Amino acid sequence: MPQKQIKALVTGGAGFIGSHLCEALLDLGFSVTAVDNFATASKSNIRHLLKTHRSFKFYKGSVMNPALMERLIRSCDIVYHLAAAVGIIYILDHPIDSILTNVKGTEIVLKLASKYDKKVLITSSSEVYGKQPPSPIREEDDRILGSTSTSRWSYSDSKATDEFLALAYATEKKLPVVIVRLFNVVGPRQVGNYGMVLPRFIEEALSNKPITVFGDGSQIRSFCYVTDAVRAIVDLSLSEKACGKTFNIGSDESLSIKQLAYKIKQKTRSRSKIVYISYEKFYGEHFEDVTFRAPDLSRIRATIRYQSRYGIDQIIDETVAYFQRRTEKRK
């Protein structure tokens, strides 16, 4: 007998990562329904899916709408909950909406998933770790956060609350949940409008504008290509061993923001100057950055044998090519 087609619901499905996830699930034979309110997403991310896939449906709406979410969750087999406030600029400009969307939206999803006994994968963030010392961060490490007067930590706390809720539903209601913490996922369709550093640097370099580095550029980050992240999300969602657990998703390779700027300048053959400005000048007072953030990937490797396939040079090449194609289409 033919296998039953899995019906997936992707919240935040028109976003950067969400659209890639929808694409991957459709390629695997899933039926996919996506929902997004376009707060930080674009319909252009999913236009090709609407044209080419009969198994893809899209609803413009919010996870804050319980009636809509009940109808969509009741009809699916598994929920991929990606809808959230994203990007440091959006979070600083919309602090109330960011907190409520992250916490209340996730509560609605979990409550309805529990009501209809649907598996849920929750996307969290490396931001939950806060200000860690310079060594790869494990899932069970303590969280080290700043003052409540520093707005960025509200995002960290809201995502941590999402995790607490998910694990509480797993314990009390026996809801099958998987939590993933994403570390700087990058690639085609990501934009620099909300503070994402890689697309911003690339757009500045390609237009020969100054490549703007905040602080002294010594901050260490690891970057994970979206294809690697999506593959890990799907594999974890289908793994029985992953239920009730939290997983880092990222790359072993890390570099400083200054090194990233120079790599992009070199690869694009840009005439841009690399300039440094203070956080206060751009973000205002009370902004606090993190000096180091890179994941320990032991747990995910032990569970699904995960390995990131894209190094930073290939990530830059692929993303630069995407922006160049996009520019050509606009001409």
# chains A, B, ... in the order shown; residues from 1 in each chain; ligands from 1

call {"tool": "residues_around", "arguments": {"residues": "region 129-134 of chain A", "least_positions_apart": "6", "cutoff": "8 Å", "atoms": "only C-alpha atoms", "output": "PyMOL selection string"}}
result
chain A and resi 141-146+153+156+290-293

call {"tool": "write_last_selection", "arguments": {"atoms": "N, CA and C atoms", "output": "PDB file, in the first residue's frame"}}
result
ATOM      1  N   ASP A 141      24.062  24.047  28.979  1.00  0.00           N
ATOM      2  CA  ASP A 141      24.809  25.111  29.649  1.00  0.00           C
ATOM      3  C   ASP A 141      23.867  26.131  30.280  1.00  0.00           C
ATOM      4  N   ASP A 142      24.337  26.765  31.346  1.00  0.00           N
ATOM      5  CA  ASP A 142      23.559  27.811  32.003  1.00  0.00           C
ATOM      6  C   ASP A 142      23.384  29.006  31.066  1.00  0.00           C
ATOM      7  N   ARG A 143      22.316  29.752  31.295  1.00  0.00           N
ATOM      8  CA  ARG A 143      22.066  30.987  30.562  1.00  0.00           C
ATOM      9  C   ARG A 143      22.632  32.162  31.359  1.00  0.00           C
ATOM     10  N   ILE A 144      23.292  33.087  30.635  1.00  0.00           N
ATOM     11  CA  ILE A 144      23.886  34.261  31.290  1.00  0.00           C
ATOM     12  C   ILE A 144      23.355  35.499  30.574  1.00  0.00           C
ATOM     13  N   LEU A 145      22.464  36.227  31.228  1.00  0.00           N
ATOM     14  CA  LEU A 145      21.775  37.346  30.580  1.00  0.00           C
ATOM     15  C   LEU A 145      22.093  38.673  31.245  1.00  0.00           C
ATOM     16  N   GLY A 146      21.810  39.760  30.495  1.00  0.00           N
ATOM     17  CA  GLY A 146      22.005  41.097  31.019  1.00  0.00           C
ATOM     18  C   GLY A 146      20.753  41.630  31.691  1.00  0.00           C
ATOM     19  N   TRP A 153      17.599  41.362  25.547  1.00  0.00           N
ATOM     20  CA  TRP A 153      17.437  40.178  26.401  1.00  0.00           C
ATOM     21  C   TRP A 153      15.974  39.774  26.537  1.00  0.00           C
ATOM     22  N   SER A 156      15.647  36.939  24.160  1.00  0.00           N
ATOM     23  CA  SER A 156      16.217  35.730  24.754  1.00  0.00           C
ATOM     24  C   SER A 156      15.237  35.090  25.728  1.00  0.00           C
ATOM     25  N   VAL A 290      27.048  40.375  22.029  1.00  0.00           N
ATOM     26  CA  VAL A 290      27.648  39.151  22.555  1.00  0.00           C
ATOM     27  C   VAL A 290      28.985  38.946  21.861  1.00  0.00           C
ATOM     28  N   THR A 291      30.042  38.691  22.611  1.00  0.00           N
ATOM     29  CA  THR A 291      31.379  38.600  22.017  1.00  0.00           C
ATOM     30  C   THR A 291      31.650  37.265  21.339  1.00  0.00           C
ATOM     31  N   PHE A 292      30.954  36.206  21.763  1.00  0.00           N
ATOM     32  CA  PHE A 292      31.204  34.877  21.204  1.00  0.00           C
ATOM     33  C   PHE A 292      29.918  34.080  21.159  1.00  0.00           C
ATOM     34  N   ARG A 293      29.695  33.411  20.018  1.00  0.00           N
ATOM     35  CA  ARG A 293      28.549  32.504  19.947  1.00  0.00           C
ATOM     36  C   ARG A 293      28.797  31.451  18.872  1.00  0.00           C
TER      37      ARG A 293
END

call {"tool": "residues_around", "arguments": {"residues": "Ser114 (chain A)", "least_positions_apart": "5", "cutoff": "10 Å", "atoms": "only C-alpha atoms", "output": "PDB file with N, CA and C atoms, in the first residue's frame"}}
result
ATOM      1  N   ILE A  73      -4.277  23.538  12.488  1.00  0.00           N
ATOM      2  CA  ILE A  73      -3.627  22.479  13.270  1.00  0.00           C
ATOM      3  C   ILE A  73      -4.472  21.211  13.289  1.00  0.00           C
ATOM      4  N   ILE A 108      -0.512  29.397  21.975  1.00  0.00           N
ATOM      5  CA  ILE A 108      -1.669  29.009  21.162  1.00  0.00           C
ATOM      6  C   ILE A 108      -1.359  27.749  20.362  1.00  0.00           C
ATOM      7  N   VAL A 109      -0.187  27.716  19.734  1.00  0.00           N
ATOM      8  CA  VAL A 109       0.200  26.550  18.928  1.00  0.00           C
ATOM      9  C   VAL A 109       0.276  25.287  19.789  1.00  0.00           C
ATOM     10  N   LYS A 119       2.303  16.382  16.635  1.00  0.00           N
ATOM     11  CA  LYS A 119       3.706  16.609  16.957  1.00  0.00           C
ATOM     12  C   LYS A 119       4.089  18.041  16.584  1.00  0.00           C
ATOM     13  N   VAL A 120       4.965  18.654  17.401  1.00  0.00           N
ATOM     14  CA  VAL A 120       5.375  20.043  17.169  1.00  0.00           C
ATOM     15  C   VAL A 120       6.895  20.141  17.210  1.00  0.00           C
ATOM     16  N   TYR A 169       4.506  21.063  28.188  1.00  0.00           N
ATOM     17  CA  TYR A 169       3.490  20.296  27.469  1.00  0.00           C
ATOM     18  C   TYR A 169       3.960  18.864  27.229  1.00  0.00           C
ATOM     19  N   ALA A 170       5.242  18.687  26.977  1.00  0.00           N
ATOM     20  CA  ALA A 170       5.776  17.339  26.778  1.00  0.00           C
ATOM     21  C   ALA A 170       5.662  16.510  28.052  1.00  0.00           C
ATOM     22  N   LYS A 173       1.380  16.946  29.375  1.00  0.00           N
ATOM     23  CA  LYS A 173       0.359  16.519  28.415  1.00  0.00           C
ATOM     24  C   LYS A 173       0.836  15.416  27.474  1.00  0.00           C
ATOM     25  N   LYS A 174       2.109  15.027  27.629  1.00  0.00           N
ATOM     26  CA  LYS A 174       2.693  13.979  26.774  1.00  0.00           C
ATOM     27  C   LYS A 174       2.694  14.382  25.301  1.00  0.00           C
ATOM     28  N   LEU A 175       2.786  15.666  25.043  1.00  0.00           N
ATOM     29  CA  LEU A 175       2.829  16.158  23.668  1.00  0.00           C
ATOM     30  C   LEU A 175       4.201  15.876  23.063  1.00  0.00           C
ATOM     31  N   PRO A 176       4.273  15.274  21.886  1.00  0.00           N
ATOM     32  CA  PRO A 176       5.577  15.051  21.252  1.00  0.00           C
ATOM     33  C   PRO A 176       6.136  16.356  20.699  1.00  0.00           C
TER      34      PRO A 176
END

call {"tool": "residues_around", "arguments": {"residues": "Asp252 (chain A)", "least_positions_apart": "3", "cutoff": "12 Å", "atoms": "only C-alpha atoms", "output": "ChimeraX atom specification"}}
result
/A:135-137,183-184,221-225,248-249,255,293-298,301,306-312

call {"tool": "select_by_dssp", "arguments": {"residues": "region 76-274 of chain A", "states": "strand (DSSP E)", "output": "PyMOL selection string"}}
result
chain A and resi 78-81+119-125+177-182+185-186+211-214+220-222+224-225+246-249+254-256+274

call {"tool": "closest_residue", "arguments": {"among": "A:Tyr90, A:Tyr80, A:Phe16, A:Phe323", "to": "Arg152 (chain A)", "atoms": "only C-alpha atoms"}}
result
A:Tyr90

call {"tool": "closest_atom_pairs", "arguments": {"of": "region 17-43 of chain A", "to": "region 49-61 of chain A", "cutoff": "7 Å", "atoms": "only C-alpha atoms", "output": "tab-separated table"}}
result
residue	atom	partner	partner_atom	distance
A:Ser31	CA	A:Ser55	CA	4.8
A:Val32	CA	A:Phe56	CA	4.9
A:Thr33	CA	A:Lys57	CA	4.7
A:Ala34	CA	A:Phe58	CA	4.8
A:Val35	CA	A:Tyr59	CA	4.8
A:Asp36	CA	A:Lys60	CA	5.3
A:Asn37	CA	A:Gly61	CA	4.8

call {"tool": "closest_residue", "arguments": {"among": "A:Thr123, A:Thr319, A:Ser272, A:Thr246", "to": "Thr227 (chain A)", "atoms": "only C-alpha atoms"}}
result
A:Thr319

call {"tool": "closest_residue", "arguments": {"among": "A:Leu165, A:Leu198, A:Leu9, A:Cys76", "to": "Glu318 (chain A)", "atoms": "only C-alpha atoms"}}
result
A:Leu198

call {"tool": "closest_residue", "arguments": {"among": "A:Phe30, A:Phe38, A:Tyr155, A:Tyr116", "to": "Ile91 (chain A)", "atoms": "only C-alpha atoms"}}
result
A:Tyr155

call {"tool": "closest_residue", "arguments": {"among": "A:Glu107, A:Phe201, A:Asp216, A:Ser256", "to": "Thr268 (chain A)", "atoms": "only C-alpha atoms"}}
result
A:Phe201

call {"tool": "select_by_dssp", "arguments": {"residues": "region 129-312 of chain A", "states": "helix (DSSP H, G or I)", "output": "number ranges by chain"}}
result
A: 129, 152-172, 197-206, 226-237, 240-242, 257-268, 279-283, 298-304, 312
